[in-house]
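Report on one structure; see the data block that follows.
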Amino acid sequence: MEVVIIGAGMGGLFCGALLAKRGVRVTVLEKNGTIGGGLQTFVRGGETYETGMHVAGGFNEGGILNSLCRYLGIMDRLRIRPADMMLSVTYADSGRTYDIPAGREAFIDYLTAKFPHQKDNIRSYVDAVFRVSHEEKLFYLESMSGVNDHSDEFFMPADAFIAKYISDPELRAVLASVNPLYSGIPGHSPAYIHIMISALFMENPCWFEGGSGQLAEALKSVIEAAGGRVLTRCEVASVRVEDLNVACVVDKNGREYRADWYISDIHPASLFPLIEGKAFTSGYRARIESIPDTASAFKVYLKLKPGTVRFPGHPVSIVDSMENAWKMADYDNLEWPHGVNCFFGEGSGGYASHLTAYCLMDFDDVSEWENTRTGHRGEAYEAWKKERTERVLDLVEKRFPGIRECADDIFASSPLTFRDWMGTRRAGAYGLFKDSTDIATSLIPIRTKVKNLLLTGQNVNMHGIGGVPMTAIETIQTIFADESVLNGIKGELSNK
Ligand SMILES: Cc1cc2nc3c(=O)[nH]c(=O)nc-3n(C[C@H](O)[C@H](O)[C@H](O)COP(=O)(O)OP(=O)(O)OC[C@H]3O[C@@H](n4cnc5c(N)ncnc54)[C@H](O)[C@@H]3O)c2cc1C
């Protein structure tokens, strides 16, 4: 069997590696010079920066990512470092900081000490998080066969889920502090995404020492070891469909690639214009094109002078005010940003080598420059970017006073940078938005009307390390029409 995969993001590479493990010859086609998509890293001034993924989870003994990577034979080569707490969040107006520890009981104990009147509520909330997370069967390597009913809590809005258990408004805000990791919109973001992310990072928050790009390289090595190929600078320009089957895909240089199965890891709205021939109904295309994207990202990178900022060993979030806990992705332009997430690179002697300050930003904020290219966006754009960079740094200074003076290089990337890196419509950081008020429209099936074309990646189900690898397992199981991949991964778990 041969499989061609469009896009070497986390979804495409996990699919490729899982197929390679089963002896399938895989060709992955990537438009960029560097593989990884949201796992990509880049080097500037000798420092390695991550473009997308900063925090991970599930790589601990017995964790799903650990089992999956052991099954693929790459766990030993990944340099995973546990974070020393789940998250430290500071509210700038009150100066209050919550150092939220990792580990279920430590999490409960800490918040109970801070909010003693919510003692029972906190335990009920955490119990509910783990109970509902079990409804996502693959997250626990459980069989997906049989009836997969979901409770009402699974699809209810995330803010309503928190409010169902917690009556204290301040504690609600603290529990919502993971919402930038899913571009949370109150009343719309489904509880299951909040739950999966909270469960993953509460149990085992971790980061990639040296950058997330190592995961992409490790997956590539599995594909190549089985005789497959991961080709860079190989942008797919068309997907030829005949009799509801892909006949071949063609890259920008006119090279054709033929296979038994084709998997698309790219944004569906980027896939549709590539299709040549009769494939999808106009209703299907219109439905998917009507789904909005999650917010995009504005990031400020600071190369830190050696010995100036202690390396925290965990993510730090700074929010202007508790009242704005749900306004990271839904803001008034004049007030942006309400919050910033800070991720640090580890330098030597216990100091940080760099800081990435990450804020959600809507693509509309840059739409007036959407037809420009990197380096040629004009003075107005450069002035706008500088002004937004200063706003981000002002908020970072609330927790790290004098941070500007600690940096010897400061630069930024905007939603336009992300659009060009990932090749997506509106640079949604986490792909298509899943809306609890219209969940049937939000969820896209892996199978398509084109019989040998499957979809994978963050647009299909959940984004991030807690979602994309699970969707890859599901995609590969669709090809084999059995649960042998899942059983193989479970075997790794029981071999320990
Ligand atoms: C700023 C940011 C921060 C994030 N932080 C975290 C985090 O801390 N933790 C976490 O778990 N997740 C995080 N995420 C989410 C995570 O990075 C993504 O969910 C994940 O990487 C998406 O993988 P994917 O394979 O679905 O898509 P992508 O990574 O978008 O991969 C798609 C690939 O297809 C390629 N491509 C596009 N068009 C074509 C074409 N025509 N031909 C060939 N190739 C093409 C692209 O170049 C890309 O490499 C973050 C994302 C962003 C943007």
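We name chains A, B, ... following the order of the structure tokens; residues begin at 1 in each chain, and ligands are numbered from 1 as shown.
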Neighbour list for Val309 in chain A as a ChimeraX atom specification, cut-off 8 Å, only C-alpha atoms, skip fewer than 2 positions in-chain: /A:304,306-307,311,351-352,406
Kindly export the residues of the current selection with N, CA and C atoms, as a PDB file, in the first residue's frame.
```
ATOM      1  N   LEU A 304      17.125  37.075  25.533  1.00  0.00           N
ATOM      2  CA  LEU A 304      17.496  37.667  26.825  1.00  0.00           C
ATOM      3  C   LEU A 304      19.006  37.661  27.029  1.00  0.00           C
ATOM      4  N   PRO A 306      22.352  37.024  28.882  1.00  0.00           N
ATOM      5  CA  PRO A 306      22.647  35.959  29.857  1.00  0.00           C
ATOM      6  C   PRO A 306      22.627  36.498  31.291  1.00  0.00           C
ATOM      7  N   GLY A 307      22.052  35.699  32.184  1.00  0.00           N
ATOM      8  CA  GLY A 307      22.092  36.034  33.608  1.00  0.00           C
ATOM      9  C   GLY A 307      21.161  37.154  34.025  1.00  0.00           C
ATOM     10  N   PHE A 311      15.120  31.401  34.929  1.00  0.00           N
ATOM     11  CA  PHE A 311      14.263  30.521  34.129  1.00  0.00           C
ATOM     12  C   PHE A 311      13.155  29.982  35.031  1.00  0.00           C
ATOM     13  N   TYR A 351      19.241  30.490  34.321  1.00  0.00           N
ATOM     14  CA  TYR A 351      18.653  31.681  33.691  1.00  0.00           C
ATOM     15  C   TYR A 351      17.951  31.326  32.381  1.00  0.00           C
ATOM     16  N   ALA A 352      17.051  32.222  31.965  1.00  0.00           N
ATOM     17  CA  ALA A 352      16.328  32.016  30.703  1.00  0.00           C
ATOM     18  C   ALA A 352      17.143  32.598  29.551  1.00  0.00           C
ATOM     19  N   CYS A 406      16.393  43.747  29.588  1.00  0.00           N
ATOM     20  CA  CYS A 406      17.063  42.441  29.680  1.00  0.00           C
ATOM     21  C   CYS A 406      17.247  41.803  28.306  1.00  0.00           C
TER      22      CYS A 406
END
```
Determine which residues of range 330-372 of chain A DSSP labels as strand (DSSP E) from the backbone of this structure, then write them out as an mmCIF file with C-alpha atoms, in the first residue's frame.
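Wrote it out as result.cif, contents follow:
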```cif
data_model
loop_
_atom_site.group_PDB
_atom_site.id
_atom_site.type_symbol
_atom_site.label_atom_id
_atom_site.label_comp_id
_atom_site.auth_asym_id
_atom_site.auth_seq_id
_atom_site.Cartn_x
_atom_site.Cartn_y
_atom_site.Cartn_z
ATOM 1 C CA GLY A 339 -3.654 38.765 28.509
ATOM 2 C CA VAL A 340 -0.292 37.384 27.476
ATOM 3 C CA ASN A 341 1.203 33.908 27.863
ATOM 4 C CA CYS A 342 4.934 33.819 28.458
ATOM 5 C CA PHE A 343 7.084 30.823 27.567
ATOM 6 C CA PHE A 344 10.782 30.738 28.347
ATOM 7 C CA GLY A 345 13.766 28.988 26.800
ATOM 8 C CA GLU A 346 16.233 27.560 29.287
ATOM 9 C CA ALA A 352 16.328 32.016 30.703
ATOM 10 C CA SER A 353 17.786 32.423 27.217
ATOM 11 C CA HIS A 354 14.654 33.797 25.598
ATOM 12 C CA LEU A 355 11.035 34.713 26.219
ATOM 13 C CA THR A 356 8.131 34.268 23.826
ATOM 14 C CA ALA A 357 5.138 36.437 24.717
ATOM 15 C CA TYR A 358 2.032 35.066 23.019
ATOM 16 C CA CYS A 359 -1.307 36.874 22.635
ATOM 17 C CA LEU A 360 -4.366 35.847 20.663
ATOM 18 C CA MET A 361 -5.244 38.274 17.882
#
```
Shell around Lys490 in chain A at 12 Å using only C-alpha atoms, local window under 5 positions removed, as number ranges by chain: A: 62-71, 138-143, 483-485, 495-496
Would you write out those residues with C-alpha atoms, as a compact mmCIF listing (two decimals), in the first residue's frame?
```txt
# COMPACT_ATOMS: atom_id res chain seq x y z
CA GLY A 62 1.62 5.77 31.29
CA GLY A 63 0.58 8.93 29.41
CA ILE A 64 -0.93 8.57 25.95
CA LEU A 65 1.83 10.48 24.16
CA ASN A 66 4.42 8.41 25.99
CA SER A 67 2.72 5.18 24.86
CA LEU A 68 2.27 6.44 21.32
CA CYS A 69 5.89 7.55 21.01
CA ARG A 70 7.15 4.30 22.54
CA TYR A 71 5.05 2.39 19.98
CA LEU A 138 -8.99 7.67 22.36
CA PHE A 139 -7.58 10.08 24.94
CA TYR A 140 -7.36 7.03 27.21
CA LEU A 141 -6.55 4.55 24.42
CA GLU A 142 -9.96 2.97 24.76
CA SER A 143 -11.80 1.30 21.89
CA GLU A 483 -8.28 -1.12 15.79
CA SER A 484 -4.89 -2.76 15.27
CA VAL A 485 -3.03 0.54 15.66
CA ASN A 495 4.56 -4.01 28.32
CA LYS A 496 5.84 -1.56 30.89
```
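Checking A:Val460, A:Met422, A:Leu19, A:Ile288 one by one against Phe272 in chain A, counting only C-alpha atoms, you find the shortest gap at A:Ile288.
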Site check for ligand 1: residues at most 7 Å away, only C-alpha atoms and all ligand atoms, as a PyMOL selection string: chain A and resi 6-12+29-32+35-39+51-56+181+234-237+265-266+270+296-297+358+418+421-424+429-430+456-459+463-466+468
Which of range 38-286 of chain A fall in alpha helix (DSSP H), as a count of residues only: 88
Nearby residues (only C-alpha atoms) at most 9 Å from Val366 in chain A, same-chain spacing under 2 positions excluded, as a list in words: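 Answer for this query is Asp362, Phe363, Asp364, Glu368, Trp369, Glu370, Tyr381, Ser414, Pro415 and Leu416 of chain A.
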Given only C-alpha atoms as the counted atoms, nearest of A:Asn179, A:Thr34, A:Thr48, A:Thr372 to Phe208 in chain A: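 Checking each candidate against Phe208 in chain A, we get A:Thr48 as the closest.
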Pairwise distance for CA of Val126 in chain A and CA of Met470 in chain A, rounded to one decimal in Å: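 Separation between CA of Val126 in chain A and CA of Met470 in chain A: 22.8 Å.
Interatomic distance, CA of Leu395 in chain A to CA of Lys305 in chain A: 20.0 Å.
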Select from range 295-368 of chain A every residue with an atom at most 9 Å from any atom of range 94-102 of chain A, then for each give the shortest pair of atoms and their distance in Å to one decimal, using only C-alpha atoms, rows by chain and rising number, as JSON lines.
```
{"residue": "A:Ile318", "atom": "CA", "partner": "A:Thr97", "partner_atom": "CA", "distance": 9.0}
{"residue": "A:Asp320", "atom": "CA", "partner": "A:Ser94", "partner_atom": "CA", "distance": 8.8}
{"residue": "A:Ser321", "atom": "CA", "partner": "A:Ser94", "partner_atom": "CA", "distance": 7.5}
{"residue": "A:Met322", "atom": "CA", "partner": "A:Ser94", "partner_atom": "CA", "distance": 8.8}
```
Produce a file of the selected residues containing C-alpha atoms, as a PDB file, in the first residue's frame.
```pdb
ATOM      1  CA  ILE A 318      -0.403  37.787  32.829  1.00  0.00           C
ATOM      2  CA  ASP A 320      -4.901  42.695  32.980  1.00  0.00           C
ATOM      3  CA  SER A 321      -7.924  42.015  35.177  1.00  0.00           C
ATOM      4  CA  MET A 322      -9.939  39.032  36.399  1.00  0.00           C
TER       5      MET A 322
END
```
Spatial neighbours of Pro292 in chain A, max dist 9 Å, only C-alpha atoms, sep filter under 5 positions, as a PyMOL selection string: chain A and resi 426+428+431-434
Limited to N, CA and C atoms, could you put the picked residues into a file as a PDB file, in the first residue's frame?
```pdb
ATOM      1  N   ARG A 426      -7.241  32.173   7.489  1.00  0.00           N
ATOM      2  CA  ARG A 426      -7.185  33.347   8.369  1.00  0.00           C
ATOM      3  C   ARG A 426      -6.277  33.097   9.573  1.00  0.00           C
ATOM      4  N   GLY A 428      -5.913  30.893  11.808  1.00  0.00           N
ATOM      5  CA  GLY A 428      -6.425  30.443  13.111  1.00  0.00           C
ATOM      6  C   GLY A 428      -5.382  29.583  13.823  1.00  0.00           C
ATOM      7  N   GLY A 431      -6.949  26.165  14.258  1.00  0.00           N
ATOM      8  CA  GLY A 431      -7.799  25.636  13.193  1.00  0.00           C
ATOM      9  C   GLY A 431      -9.222  26.142  13.296  1.00  0.00           C
ATOM     10  N   LEU A 432     -10.150  25.346  12.793  1.00  0.00           N
ATOM     11  CA  LEU A 432     -11.552  25.756  12.766  1.00  0.00           C
ATOM     12  C   LEU A 432     -12.117  25.834  14.184  1.00  0.00           C
ATOM     13  N   PHE A 433     -12.990  26.816  14.408  1.00  0.00           N
ATOM     14  CA  PHE A 433     -13.587  27.002  15.732  1.00  0.00           C
ATOM     15  C   PHE A 433     -14.702  25.977  15.963  1.00  0.00           C
ATOM     16  N   LYS A 434     -14.665  25.334  17.114  1.00  0.00           N
ATOM     17  CA  LYS A 434     -15.726  24.392  17.477  1.00  0.00           C
ATOM     18  C   LYS A 434     -16.713  25.156  18.356  1.00  0.00           C
TER      19      LYS A 434
END
```
Pairwise distance for CA of Arg233 in chain A and CA of Gly33 in chain A, rounded to one decimal in Å: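 Rounded to one decimal, the two atoms are 5.1 Å apart.
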